[in-house]
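Chemist: This is the structure, below, for whatever I ask next.
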Amino acid sequence: MTMKSRLTACAALAALLYGAPALAQSEAEPAQGAQARAETRDVIVVTTQFRAQSLADVPVNVTALDSELIDRLDIRTLEDLGLFTPGLVVQEQSPNNPGYSLRGITTDSGAANAEARVAMFQDGLSITRSRGSYVELFDIERLEVAKGPQPTLFGRGALIGGINIIQNKAAQENTASLFAGYGNFDHREMGGHVNRDLGAGYAFRLAGVLRSRDGYIENRGSGDDLQGRHTTGLRAVFSGEPTDSFRFHVIANWQEDNGPGTSFKSGVLAAPGLDTSPYTAADLRLIPGFEGNQPLGLDRTVRGVTVLTEWDINDAFSLSTITGYRDYESVEIFDPIGAGLNFLNFAEDATGRQTSHEMRLTFDNGGALTAFGGVTYFYEANTQRIPGIYDEGVAQAFFVSTGAFGNPATVAAGLGVPVSAITDLRNPFPFSIAALSSGMGFVPLRPNYTEESANAGVTEAMDVFADASYALTDRLTLTAGLRYTDEDKIASGYGGTSMGPNRVTFGRTLILPATPNGATVRQTASFDAWTWRVVAAYELNDRINTWASFARGRRPDVIALDTGSPTFFSIAPAEIVDSIEAGAFVSLDRGTLSGSIFRSQYEDFQSSIFDPTSGTFAPTNAGNATQYGLELQGDFSLNDRADVFFTYAYNLATFDDTANGQPQALAGNRFRYSPEHAIALGARVVVAGGSWGEVSVLPSYTWQSHFFTDNDNDEFVGVRQDAYGLLRARLRYETADRSRFAEVFGSNLLDEEYLIDSGNTGGAFGLPTFIAGAPRTFGVRIGASF
């Protein structure tokens, strides 16, 4: 089916309202412009700038989806959110290994001392650390994505914006809901909530979800089928308003993820009886004895407690706080080669904990000046342990074939054996070639040789920020904001031959990074920086608002373990982006249309290069880059029986040809996970209705042009994903009072073949692996509210 026929086959989608970070709530629209807008489609009111504003009046490019729109678009995962947010791509290898790309700027590193480019928040609390950032979406009030540098709104780590998940709080009412579903691949889901009014201004809410699905890639090796999932999430909220001027929410979150493993399937070496297609059966192996014989797959737990308070000091001033604690533990076992070989297995054992507190004072007396300012304290400590186990014979055959021991023919001649005897991965030479070449005789190779490396990071940061807006006239408002960040960091790590978890004996290794005698090395450093924004907003008339902004964003400096350095560490300087953006919001009789254009200039953009001879990912400064883009979004009611939505994003982000007069290694390359064009279309159409209820059809179609999964854009190792589109649809019945529903749902209905990721760890060895996206899935779902 052609792109044109697919677009014709389904009606328009993607709903984008604008929203706000922490504590955003719908409120009555300010009086100015309310009468004119009353004659148009309702516009959501948000508190993006920490005061109540109509979305039309907010001079920031923010995509917000409220609970009604989340349900309409069937958004149940962060990947779903990415489909309907212009400029956002979310790829999930597993809940432990997600990637977030906003306007082509990607965050996905699991290193304990890595820093984010895209900030993640849950009710305003940072959950940015990669291994703890992917959370299940259930019982959600609103999802918001702020794009472009927003230093005074989001703070450290929001180089190019942030994602905020706003959860439902306890309300002073007695309600409950329940839903359940079943689908192919033994998909099962169940969830709901109970909300109780405790009286005297207090309330309690308990929500939960269970979602599981068998893997969709058959595994003929070790363990269950791949790319399945099993997730359980619980949330408890205690809310109160003990006085007319003071409110609080105490939110406790818990999530556990178990999955059968990621389908890293080789695109070069076919397993016996199989092929190299990522969409067919795989043969992933687990070498016996590794990490206590834990199976391939994931075991992850994430916990957190957040306390939100707001105190109206008087009619002009209010004080709000966000205080939180969060921790995670995850262990993931994987076969990074995926070719039916007992070549090697890796594991990632990651832990993290953080505490933070933000205090913000807001001024708004209804006059021309509004402002807020505050301070944020943030502390985190993280570890990442990476054990590896190898069959030395297979590993030796691989390295001989790559020339690591010299010309294979010369090596074979010196041993008096044919070349095939020392390069056969499936029947490897059983003795150490290095030992033979050194005159040490026949030293047998071990089938379970183990190594281990680890890195750890501690960050303590203090931010001070202020932001003020002044209405020069009834139509023109100027805004300026400033943030100062001060950070102290500690990085440490070790590597060597392993005798078990955290028992490294000496430093010589085959693949993983090594330190002298396996000893822990340590480095400390301190950094500080200023970031800012300036904005001008102008109301052309009662229906069209425009704005222009200039902002600086920053990804903090990183102390990276680098065993190729004499000090065993290298400091990656802070990435800086200066962005100019102009946008508009148009209120129409039957809908809204908004969008922006932007240009961003990046300095000291950091990347990494894997050296298989030393087993290290060495940080490298990729230099400067330039980005241009356009984002549009619309929401329209054709009549009382049909709504349509659309989004479009254009993004051209490439590395510059030169930096400081010197040519750049990645000159002209595209940013990874950055499609040049992306479209989302969809609709809700009521096909029948009456006193008995309503039947509606909800189709959606998302499409994106080709993109690369690595900054080197090396198509030889398969890092290009061609253009593809996904068709989703639901047929839904609801009772007249909307208290009951039943629906049939389907995703990827055209059974499009596409990749979640490519290259991966195997690509660093010249053996790229590929992870297939989900095929056609379908099922039924029922639910009720009380």
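Naming scheme: A, B, ... for chains in displayed order of the structure tokens; residues 1 onward per chain; ligands 1 onward as shown.
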Mind checking which residues fall within 8 Å of segment 163-173 of chain A, counting only C-alpha atoms, ignoring those fewer than 5 positions away in the same chain, and posting them as an MDAnalysis selection string?
Modeler: chainID A and resid 20:24 118:124 139:146 195:199 201:205 237:239 249
Chemist: Any chance you could export the current selection's N, CA, C and O atoms as a compact mmCIF listing (two decimals), in the first residue's frame?
Modeler:
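That gives us again_18.txt:
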# COMPACT_ATOMS: atom_id res chain seq x y z
N ALA A 20 1.65 22.11 31.07
CA ALA A 20 2.56 22.73 32.01
C ALA A 20 3.27 21.72 32.85
O ALA A 20 2.75 20.68 33.14
N PRO A 21 4.47 22.05 33.32
CA PRO A 21 5.10 21.16 34.27
C PRO A 21 4.37 21.16 35.61
O PRO A 21 3.21 21.47 35.68
N ALA A 22 5.09 20.93 36.67
CA ALA A 22 4.58 20.59 37.99
C ALA A 22 3.31 21.29 38.41
O ALA A 22 3.12 22.49 38.25
N LEU A 23 2.38 20.51 38.98
CA LEU A 23 1.16 21.00 39.60
C LEU A 23 0.25 21.74 38.62
O LEU A 23 -0.55 22.58 39.01
N ALA A 24 0.38 21.43 37.29
CA ALA A 24 -0.49 22.07 36.32
C ALA A 24 -1.92 21.59 36.52
O ALA A 24 -2.18 20.42 36.64
N VAL A 118 17.37 15.24 27.58
CA VAL A 118 15.92 15.41 27.67
C VAL A 118 15.52 15.06 29.10
O VAL A 118 15.76 13.95 29.57
N ALA A 119 14.94 16.00 29.80
CA ALA A 119 14.60 15.79 31.21
C ALA A 119 13.25 15.10 31.33
O ALA A 119 12.32 15.38 30.57
N MET A 120 13.14 14.19 32.29
CA MET A 120 11.90 13.48 32.58
C MET A 120 11.43 13.87 33.98
O MET A 120 12.23 13.95 34.92
N PHE A 121 10.12 14.10 34.11
CA PHE A 121 9.56 14.50 35.40
C PHE A 121 8.28 13.72 35.68
O PHE A 121 7.56 13.31 34.76
N GLN A 122 8.01 13.52 36.94
CA GLN A 122 6.77 12.92 37.42
C GLN A 122 6.22 13.86 38.48
O GLN A 122 6.79 14.00 39.56
N ASP A 123 5.16 14.56 38.13
CA ASP A 123 4.61 15.60 39.00
C ASP A 123 5.67 16.62 39.41
O ASP A 123 5.74 17.05 40.57
N GLY A 124 6.51 17.00 38.45
CA GLY A 124 7.52 18.02 38.70
C GLY A 124 8.79 17.51 39.32
O GLY A 124 9.77 18.25 39.43
N ASP A 139 -3.86 6.02 35.14
CA ASP A 139 -4.51 7.00 36.01
C ASP A 139 -3.80 8.35 35.92
O ASP A 139 -3.37 8.92 36.92
N ILE A 140 -3.72 8.86 34.70
CA ILE A 140 -2.95 10.08 34.40
C ILE A 140 -3.89 11.27 34.21
O ILE A 140 -4.89 11.18 33.52
N GLU A 141 -3.51 12.39 34.82
CA GLU A 141 -4.25 13.65 34.60
C GLU A 141 -3.85 14.31 33.29
O GLU A 141 -4.68 14.75 32.51
N ARG A 142 -2.55 14.37 33.05
CA ARG A 142 -2.08 15.03 31.83
C ARG A 142 -0.64 14.62 31.53
O ARG A 142 0.14 14.31 32.44
N LEU A 143 -0.29 14.60 30.26
CA LEU A 143 1.07 14.39 29.79
C LEU A 143 1.51 15.64 29.05
O LEU A 143 0.76 16.18 28.23
N GLU A 144 2.72 16.12 29.35
CA GLU A 144 3.18 17.38 28.79
C GLU A 144 4.60 17.27 28.28
O GLU A 144 5.45 16.66 28.95
N VAL A 145 4.85 17.82 27.13
CA VAL A 145 6.19 17.85 26.55
C VAL A 145 6.52 19.29 26.19
O VAL A 145 5.89 19.87 25.28
N ALA A 146 7.48 19.87 26.90
CA ALA A 146 7.93 21.24 26.62
C ALA A 146 9.17 21.16 25.76
O ALA A 146 10.13 20.49 26.10
N ASN A 195 -11.02 6.09 44.81
CA ASN A 195 -10.81 7.41 45.43
C ASN A 195 -11.84 7.59 46.54
O ASN A 195 -13.04 7.40 46.32
N ARG A 196 -11.36 7.94 47.74
CA ARG A 196 -12.26 8.11 48.87
C ARG A 196 -12.11 9.49 49.49
O ARG A 196 -10.99 9.97 49.73
N ASP A 197 -13.24 10.12 49.73
CA ASP A 197 -13.28 11.39 50.47
C ASP A 197 -13.24 11.07 51.96
O ASP A 197 -14.14 10.42 52.50
N LEU A 198 -12.18 11.51 52.63
CA LEU A 198 -12.01 11.22 54.05
C LEU A 198 -12.66 12.26 54.94
O LEU A 198 -12.67 12.11 56.18
N GLY A 199 -13.16 13.32 54.33
CA GLY A 199 -13.79 14.37 55.11
C GLY A 199 -12.79 15.38 55.63
O GLY A 199 -11.58 15.16 55.61
N GLY A 201 -11.61 17.95 54.39
CA GLY A 201 -10.64 18.45 53.40
C GLY A 201 -9.58 17.46 53.00
O GLY A 201 -8.64 17.83 52.29
N TYR A 202 -9.72 16.18 53.39
CA TYR A 202 -8.70 15.18 53.07
C TYR A 202 -9.29 14.09 52.16
O TYR A 202 -10.51 13.81 52.21
N ALA A 203 -8.40 13.45 51.38
CA ALA A 203 -8.85 12.39 50.47
C ALA A 203 -7.69 11.44 50.20
O ALA A 203 -6.51 11.79 50.36
N PHE A 204 -8.06 10.21 49.78
CA PHE A 204 -7.06 9.17 49.50
C PHE A 204 -7.40 8.52 48.16
O PHE A 204 -8.58 8.28 47.87
N ARG A 205 -6.37 8.20 47.39
CA ARG A 205 -6.58 7.56 46.08
C ARG A 205 -5.56 6.44 45.91
O ARG A 205 -4.37 6.61 46.20
N VAL A 237 -2.03 8.02 46.81
CA VAL A 237 -1.98 9.48 46.95
C VAL A 237 -2.84 9.90 48.14
O VAL A 237 -4.01 9.52 48.24
N PHE A 238 -2.25 10.67 49.02
CA PHE A 238 -2.98 11.28 50.13
C PHE A 238 -2.95 12.79 49.93
O PHE A 238 -1.87 13.40 49.87
N SER A 239 -4.12 13.39 49.78
CA SER A 239 -4.21 14.82 49.50
C SER A 239 -5.01 15.51 50.59
O SER A 239 -5.92 14.91 51.18
N HIS A 249 -0.09 17.23 48.56
CA HIS A 249 -0.27 15.89 48.01
C HIS A 249 0.95 15.06 48.40
O HIS A 249 2.09 15.49 48.19
Chemist: Which residues come within 9 Å of Tyr494 of chain A, counting only C-alpha atoms, excluding same-chain residues fewer than 5 positions away, as a list in words?
Modeler: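 Returned residues: Glu452, Ser453, Ala454, Asn455, Val504, Gly507, Pro513, Ala514, Thr515, Pro516, Gly518, Ala519, Thr520, Val521 and Leu561 of chain A.
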Chemist: Take the residues that were just selected and, keeping C-alpha atoms, output them as a PDB file, in the first residue's frame.
Modeler:
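Printed below is result19.pdb as written:
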ATOM      1  CA  GLU A 452      33.701  -7.231  35.163  1.00  0.00           C
ATOM      2  CA  SER A 453      33.754  -3.459  34.993  1.00  0.00           C
ATOM      3  CA  ALA A 454      31.790  -0.871  36.912  1.00  0.00           C
ATOM      4  CA  ASN A 455      31.254   2.850  37.140  1.00  0.00           C
ATOM      5  CA  VAL A 504      37.834  -8.400  40.494  1.00  0.00           C
ATOM      6  CA  GLY A 507      43.285  -5.704  35.447  1.00  0.00           C
ATOM      7  CA  PRO A 513      37.669  -1.812  30.395  1.00  0.00           C
ATOM      8  CA  ALA A 514      40.485  -2.562  32.869  1.00  0.00           C
ATOM      9  CA  THR A 515      42.160  -0.673  35.695  1.00  0.00           C
ATOM     10  CA  PRO A 516      45.541  -1.529  37.324  1.00  0.00           C
ATOM     11  CA  GLY A 518      41.299  -4.199  39.049  1.00  0.00           C
ATOM     12  CA  ALA A 519      41.556  -1.367  41.580  1.00  0.00           C
ATOM     13  CA  THR A 520      38.903   1.342  41.893  1.00  0.00           C
ATOM     14  CA  VAL A 521      39.936   4.707  40.489  1.00  0.00           C
ATOM     15  CA  LEU A 561      35.581   6.643  32.973  1.00  0.00           C
TER      16      LEU A 561
END
Chemist: With a distance cut-off of 12 Å and only C-alpha atoms, select the neighbouring residues of Arg103 of chain A, excluding the residue or stretch itself and same-chain residues fewer than 5 positions from it, and output the selection as a ChimeraX atom specification.
Modeler: /A:82,85-90,117-118,145-149,159-162,579,597-600,626-631,649-654,670-678
Chemist: Could the residues in this selection be saved with N, CA and C atoms as a short mmCIF file (atom, residue, chain, number, x, y, z; two decimals), in the first residue's frame?
Modeler:
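That gives us out03.cif:
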data_model
loop_
_atom_site.label_atom_id
_atom_site.label_comp_id
_atom_site.auth_asym_id
_atom_site.auth_seq_id
_atom_site.Cartn_x
_atom_site.Cartn_y
_atom_site.Cartn_z
N GLY A 82 5.17 9.38 22.14
CA GLY A 82 6.06 9.83 21.08
C GLY A 82 5.40 9.85 19.71
N THR A 85 3.34 13.28 19.47
CA THR A 85 3.97 14.53 19.88
C THR A 85 4.99 14.93 18.81
N PRO A 86 4.78 16.04 18.11
CA PRO A 86 5.73 16.43 17.07
C PRO A 86 7.11 16.70 17.67
N GLY A 87 8.12 16.08 17.06
CA GLY A 87 9.49 16.28 17.51
C GLY A 87 9.98 15.27 18.52
N LEU A 88 9.10 14.36 19.00
CA LEU A 88 9.49 13.40 20.03
C LEU A 88 9.52 11.99 19.47
N VAL A 89 10.61 11.26 19.72
CA VAL A 89 10.73 9.84 19.40
C VAL A 89 11.11 9.12 20.68
N VAL A 90 10.36 8.08 21.03
CA VAL A 90 10.66 7.26 22.20
C VAL A 90 10.87 5.83 21.73
N ARG A 117 19.96 14.81 28.26
CA ARG A 117 19.68 15.95 27.37
C ARG A 117 18.19 16.28 27.37
N VAL A 118 17.37 15.24 27.58
CA VAL A 118 15.92 15.41 27.67
C VAL A 118 15.52 15.06 29.10
N VAL A 145 4.85 17.82 27.13
CA VAL A 145 6.19 17.85 26.55
C VAL A 145 6.52 19.29 26.19
N ALA A 146 7.48 19.87 26.90
CA ALA A 146 7.93 21.24 26.62
C ALA A 146 9.17 21.16 25.76
N LYS A 147 9.15 21.85 24.62
CA LYS A 147 10.23 21.73 23.64
C LYS A 147 11.03 23.03 23.55
N GLY A 148 12.32 22.87 23.31
CA GLY A 148 13.23 23.99 23.32
C GLY A 148 13.80 24.18 24.72
N PRO A 149 14.94 24.84 24.84
CA PRO A 149 15.54 25.07 26.17
C PRO A 149 14.57 25.85 27.07
N LEU A 159 18.38 20.10 28.22
CA LEU A 159 19.10 20.77 27.14
C LEU A 159 18.14 21.26 26.07
N ILE A 160 17.16 20.41 25.71
CA ILE A 160 16.26 20.75 24.62
C ILE A 160 14.81 20.57 25.02
N GLY A 161 14.54 20.45 26.34
CA GLY A 161 13.16 20.35 26.78
C GLY A 161 12.96 19.24 27.79
N GLY A 162 11.70 18.97 28.10
CA GLY A 162 11.40 17.97 29.10
C GLY A 162 10.02 17.38 28.94
N SER A 579 19.06 28.73 21.21
CA SER A 579 17.91 28.47 20.34
C SER A 579 17.06 29.71 20.18
N ILE A 597 8.48 27.71 14.61
CA ILE A 597 9.68 27.43 13.84
C ILE A 597 10.88 27.76 14.74
N PHE A 598 12.00 27.04 14.53
CA PHE A 598 13.13 27.23 15.43
C PHE A 598 14.45 26.98 14.72
N ARG A 599 15.48 27.58 15.28
CA ARG A 599 16.85 27.34 14.84
C ARG A 599 17.71 27.21 16.10
N SER A 600 18.50 26.14 16.18
CA SER A 600 19.33 25.90 17.35
C SER A 600 20.77 25.65 16.93
N THR A 626 24.04 22.24 13.90
CA THR A 626 23.01 23.23 13.63
C THR A 626 21.70 22.52 13.32
N GLN A 627 20.62 23.10 13.78
CA GLN A 627 19.31 22.48 13.63
C GLN A 627 18.28 23.52 13.21
N TYR A 628 17.42 23.13 12.26
CA TYR A 628 16.28 23.94 11.84
C TYR A 628 15.03 23.08 11.97
N GLY A 629 13.91 23.69 12.30
CA GLY A 629 12.72 22.87 12.42
C GLY A 629 11.43 23.65 12.39
N LEU A 630 10.34 22.89 12.20
CA LEU A 630 8.98 23.42 12.16
C LEU A 630 8.08 22.38 12.80
N GLU A 631 7.18 22.82 13.67
CA GLU A 631 6.21 21.91 14.28
C GLU A 631 4.83 22.54 14.24
N ALA A 649 5.88 17.50 11.94
CA ALA A 649 7.18 18.00 12.42
C ALA A 649 8.20 17.87 11.30
N TYR A 650 8.93 18.94 11.09
CA TYR A 650 10.08 18.94 10.18
C TYR A 650 11.31 19.26 11.02
N ASN A 651 12.34 18.44 10.88
CA ASN A 651 13.54 18.64 11.69
C ASN A 651 14.77 18.27 10.88
N LEU A 652 15.65 19.23 10.66
CA LEU A 652 16.91 18.99 9.97
C LEU A 652 18.03 19.36 10.93
N ALA A 653 18.65 18.34 11.52
CA ALA A 653 19.71 18.54 12.50
C ALA A 653 20.96 17.81 12.02
N THR A 654 22.03 18.56 11.73
CA THR A 654 23.25 17.96 11.21
C THR A 654 24.47 18.56 11.91
N ARG A 670 23.50 13.30 10.07
CA ARG A 670 22.26 13.61 10.77
C ARG A 670 22.34 13.15 12.21
N PHE A 671 21.63 13.86 13.11
CA PHE A 671 21.47 13.39 14.48
C PHE A 671 20.71 12.06 14.46
N ARG A 672 21.06 11.16 15.36
CA ARG A 672 20.36 9.88 15.43
C ARG A 672 18.94 10.05 15.96
N TYR A 673 18.08 9.13 15.58
CA TYR A 673 16.66 9.15 15.95
C TYR A 673 16.02 10.50 15.61
N SER A 674 16.34 11.00 14.44
CA SER A 674 15.86 12.32 14.05
C SER A 674 15.30 12.28 12.63
N PRO A 675 14.06 11.77 12.45
CA PRO A 675 13.46 11.79 11.12
C PRO A 675 13.24 13.22 10.64
N GLU A 676 13.45 13.44 9.37
CA GLU A 676 13.28 14.79 8.83
C GLU A 676 11.81 15.20 8.81
N HIS A 677 10.94 14.22 8.54
CA HIS A 677 9.50 14.50 8.49
C HIS A 677 8.76 13.49 9.37
N ALA A 678 7.74 13.95 10.07
CA ALA A 678 6.89 13.06 10.87
C ALA A 678 5.47 13.62 10.86
#
Chemist: At a cut-off of 12 Å, can you tabulate as a tab-separated table every residue of segment 460-505 of chain A near segment 540-550 of chain A together with its closest atom pair and the distance in Å to one decimal, using only C-alpha atoms and ordering rows by chain then number?
Modeler:
residue	atom	partner	partner_atom	distance
A:Asp474	CA	A:Leu540	CA	10.7
A:Arg475	CA	A:Leu540	CA	7.3
A:Leu476	CA	A:Leu540	CA	9.2
A:Thr477	CA	A:Trp547	CA	9.3
A:Leu478	CA	A:Trp547	CA	9.6
A:Thr479	CA	A:Ser549	CA	9.0
A:Ala480	CA	A:Ser549	CA	9.6
A:Gly481	CA	A:Phe550	CA	10.6
Chemist: Give me the residues within 8 Å of Ser570 of chain A as a list in words, counting only C-alpha atoms and dropping any in the same chain fewer than 2 places off.
Modeler: Ile559, Ala560, Leu561, Asp562, Ser565, Thr567, Phe568, Ala572 and Pro619 of chain A
Chemist: May I have all residues of segment 66-200 of chain A that DSSP, computed from the backbone, assigns to strand (DSSP E), given as a ChimeraX atom specification?
Modeler: /A:66,88-92,98-102,105-107,119-122,125-126,140-147,161-167,175-183,187-199
Chemist: Output the selection as a PDB file, in the first residue's frame - C-alpha atoms for each residue.
Modeler:
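Saved result, again-v4.pdb, follows:
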ATOM      1  CA  ASP A  66      -5.340  15.694  29.063  1.00  0.00           C
ATOM      2  CA  LEU A  88       9.489  13.401  20.031  1.00  0.00           C
ATOM      3  CA  VAL A  89      10.729   9.839  19.397  1.00  0.00           C
ATOM      4  CA  VAL A  90      10.663   7.256  22.205  1.00  0.00           C
ATOM      5  CA  GLN A  91      12.296   3.860  21.659  1.00  0.00           C
ATOM      6  CA  GLU A  92      12.102   1.132  24.271  1.00  0.00           C
ATOM      7  CA  PRO A  98      14.748   3.464  26.847  1.00  0.00           C
ATOM      8  CA  GLY A  99      15.795   6.264  24.548  1.00  0.00           C
ATOM      9  CA  TYR A 100      14.155   9.694  24.354  1.00  0.00           C
ATOM     10  CA  SER A 101      14.852  11.904  21.355  1.00  0.00           C
ATOM     11  CA  LEU A 102      13.396  15.412  21.385  1.00  0.00           C
ATOM     12  CA  ILE A 105      18.606  15.289  20.742  1.00  0.00           C
ATOM     13  CA  THR A 106      18.801  11.838  22.341  1.00  0.00           C
ATOM     14  CA  THR A 107      19.096  10.661  25.938  1.00  0.00           C
ATOM     15  CA  ALA A 119      14.596  15.794  31.210  1.00  0.00           C
ATOM     16  CA  MET A 120      11.899  13.477  32.581  1.00  0.00           C
ATOM     17  CA  PHE A 121       9.555  14.497  35.399  1.00  0.00           C
ATOM     18  CA  GLN A 122       6.772  12.916  37.415  1.00  0.00           C
ATOM     19  CA  LEU A 125      10.031  15.638  40.339  1.00  0.00           C
ATOM     20  CA  SER A 126      13.026  14.741  38.175  1.00  0.00           C
ATOM     21  CA  ILE A 140      -2.948  10.078  34.402  1.00  0.00           C
ATOM     22  CA  GLU A 141      -4.253  13.647  34.602  1.00  0.00           C
ATOM     23  CA  ARG A 142      -2.076  15.034  31.829  1.00  0.00           C
ATOM     24  CA  LEU A 143       1.073  14.391  29.786  1.00  0.00           C
ATOM     25  CA  GLU A 144       3.180  17.384  28.786  1.00  0.00           C
ATOM     26  CA  VAL A 145       6.192  17.846  26.550  1.00  0.00           C
ATOM     27  CA  ALA A 146       7.929  21.240  26.622  1.00  0.00           C
ATOM     28  CA  LYS A 147      10.231  21.735  23.641  1.00  0.00           C
ATOM     29  CA  GLY A 161      13.163  20.348  26.781  1.00  0.00           C
ATOM     30  CA  GLY A 162      11.401  17.967  29.102  1.00  0.00           C
ATOM     31  CA  ILE A 163       8.561  15.484  29.557  1.00  0.00           C
ATOM     32  CA  ASN A 164       6.289  15.782  32.582  1.00  0.00           C
ATOM     33  CA  ILE A 165       3.868  13.063  33.703  1.00  0.00           C
ATOM     34  CA  ILE A 166       1.135  14.566  35.861  1.00  0.00           C
ATOM     35  CA  GLN A 167      -0.720  11.893  37.834  1.00  0.00           C
ATOM     36  CA  THR A 175     -15.216   7.223  42.798  1.00  0.00           C
ATOM     37  CA  ALA A 176     -13.785   4.006  41.391  1.00  0.00           C
ATOM     38  CA  SER A 177     -12.949   2.474  38.024  1.00  0.00           C
ATOM     39  CA  LEU A 178     -11.895  -0.904  36.649  1.00  0.00           C
ATOM     40  CA  PHE A 179     -10.766  -2.136  33.244  1.00  0.00           C
ATOM     41  CA  ALA A 180      -9.467  -5.418  31.828  1.00  0.00           C
ATOM     42  CA  GLY A 181      -8.284  -6.568  28.439  1.00  0.00           C
ATOM     43  CA  TYR A 182      -7.017  -9.582  26.508  1.00  0.00           C
ATOM     44  CA  GLY A 183      -5.255  -9.878  23.154  1.00  0.00           C
ATOM     45  CA  HIS A 187      -1.715  -9.969  26.153  1.00  0.00           C
ATOM     46  CA  ARG A 188      -3.388  -9.385  29.520  1.00  0.00           C
ATOM     47  CA  GLU A 189      -4.124  -6.144  31.318  1.00  0.00           C
ATOM     48  CA  MET A 190      -6.071  -5.049  34.363  1.00  0.00           C
ATOM     49  CA  GLY A 191      -6.201  -1.784  36.234  1.00  0.00           C
ATOM     50  CA  GLY A 192      -8.272   0.815  37.951  1.00  0.00           C
ATOM     51  CA  HIS A 193      -8.542   3.186  40.869  1.00  0.00           C
ATOM     52  CA  VAL A 194     -10.412   3.837  44.107  1.00  0.00           C
ATOM     53  CA  ASN A 195     -10.813   7.410  45.431  1.00  0.00           C
ATOM     54  CA  ARG A 196     -12.260   8.107  48.868  1.00  0.00           C
ATOM     55  CA  ASP A 197     -13.283  11.390  50.471  1.00  0.00           C
ATOM     56  CA  LEU A 198     -12.010  11.218  54.051  1.00  0.00           C
ATOM     57  CA  GLY A 199     -13.794  14.369  55.109  1.00  0.00           C
TER      58      GLY A 199
END
Chemist: With distances taken over only C-alpha atoms, which of A:Thr362, A:Asn314, A:Asn113, A:Ser130 is nearest to Ser469 of chain A?
Modeler: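 The shortest atom-to-atom distance to Ser469 of chain A comes from A:Thr362.
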Chemist: Got a sec: who's within 7 Å of Arg285 of chain A, counting only C-alpha atoms, leaving out chain neighbours fewer than 5 positions off, as a PyMOL selection string?
Modeler: chain A and resi 221-222+335+340-342
Chemist: Using all heavy atoms, can you export the residues from the last selection as a short mmCIF file (atom, residue, chain, number, x, y, z; two decimals), in the first residue's frame?
Modeler:
data_model
loop_
_atom_site.label_atom_id
_atom_site.label_comp_id
_atom_site.auth_asym_id
_atom_site.auth_seq_id
_atom_site.Cartn_x
_atom_site.Cartn_y
_atom_site.Cartn_z
N GLY A 221 16.87 -20.46 21.46
CA GLY A 221 18.05 -20.66 22.29
C GLY A 221 17.67 -20.81 23.74
O GLY A 221 16.87 -21.67 24.11
N SER A 222 18.19 -19.95 24.59
CA SER A 222 18.00 -20.04 26.04
C SER A 222 16.85 -19.14 26.48
O SER A 222 16.87 -17.93 26.24
CB SER A 222 19.27 -19.63 26.77
OG SER A 222 20.38 -20.38 26.33
N ASP A 335 22.25 -11.40 25.45
CA ASP A 335 23.19 -11.92 24.47
C ASP A 335 23.34 -10.85 23.40
O ASP A 335 22.44 -10.64 22.59
CB ASP A 335 22.64 -13.21 23.86
CG ASP A 335 23.48 -13.76 22.72
OD1 ASP A 335 24.47 -13.11 22.33
OD2 ASP A 335 23.15 -14.85 22.20
N GLY A 340 23.29 -17.48 17.77
CA GLY A 340 23.32 -18.88 18.14
C GLY A 340 24.69 -19.35 18.56
O GLY A 340 25.03 -20.53 18.38
N LEU A 341 25.49 -18.44 19.13
CA LEU A 341 26.84 -18.76 19.58
C LEU A 341 26.95 -18.56 21.08
O LEU A 341 26.38 -17.63 21.63
CB LEU A 341 27.87 -17.84 18.90
CG LEU A 341 28.08 -17.95 17.40
CD1 LEU A 341 28.90 -16.77 16.91
CD2 LEU A 341 28.80 -19.26 17.08
N ASN A 342 27.71 -19.43 21.73
CA ASN A 342 28.09 -19.15 23.13
C ASN A 342 29.32 -18.26 23.13
O ASN A 342 30.34 -18.58 23.73
CB ASN A 342 28.37 -20.45 23.88
CG ASN A 342 27.10 -21.19 24.24
OD1 ASN A 342 26.04 -20.57 24.35
ND2 ASN A 342 27.20 -22.49 24.40
#
Chemist: Please measure the separation of atom CA of Val135 of chain A and atom CA of Val577 of chain A, giving the value in Å to one decimal.
Modeler: 27.9 Å
Chemist: Return the single residue from A:Phe636, A:Tyr733, A:Phe399, A:Tyr216 that is closest to Ala688 of chain A, with distances computed using only C-alpha atoms.
Modeler: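 Of A:Phe636, A:Tyr733, A:Phe399, A:Tyr216, the one nearest Ala688 of chain A, counting only C-alpha atoms, is A:Tyr733.
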Chemist: At a cut-off of 12 Å, using only C-alpha atoms, what residues contact Glu291 of chain A? Leave out same-chain residues fewer than 4 positions from it and give the result as a PyMOL selection string.
Modeler: chain A and resi 286-287+295-296+331-334+345-349+385-389+448+450-452+498-502
Chemist: May I ask for the distance between atom CA of Ala536 of chain A and atom CA of Gly553 of chain A, given in Å to one decimal place?
Modeler: 18.2 Å
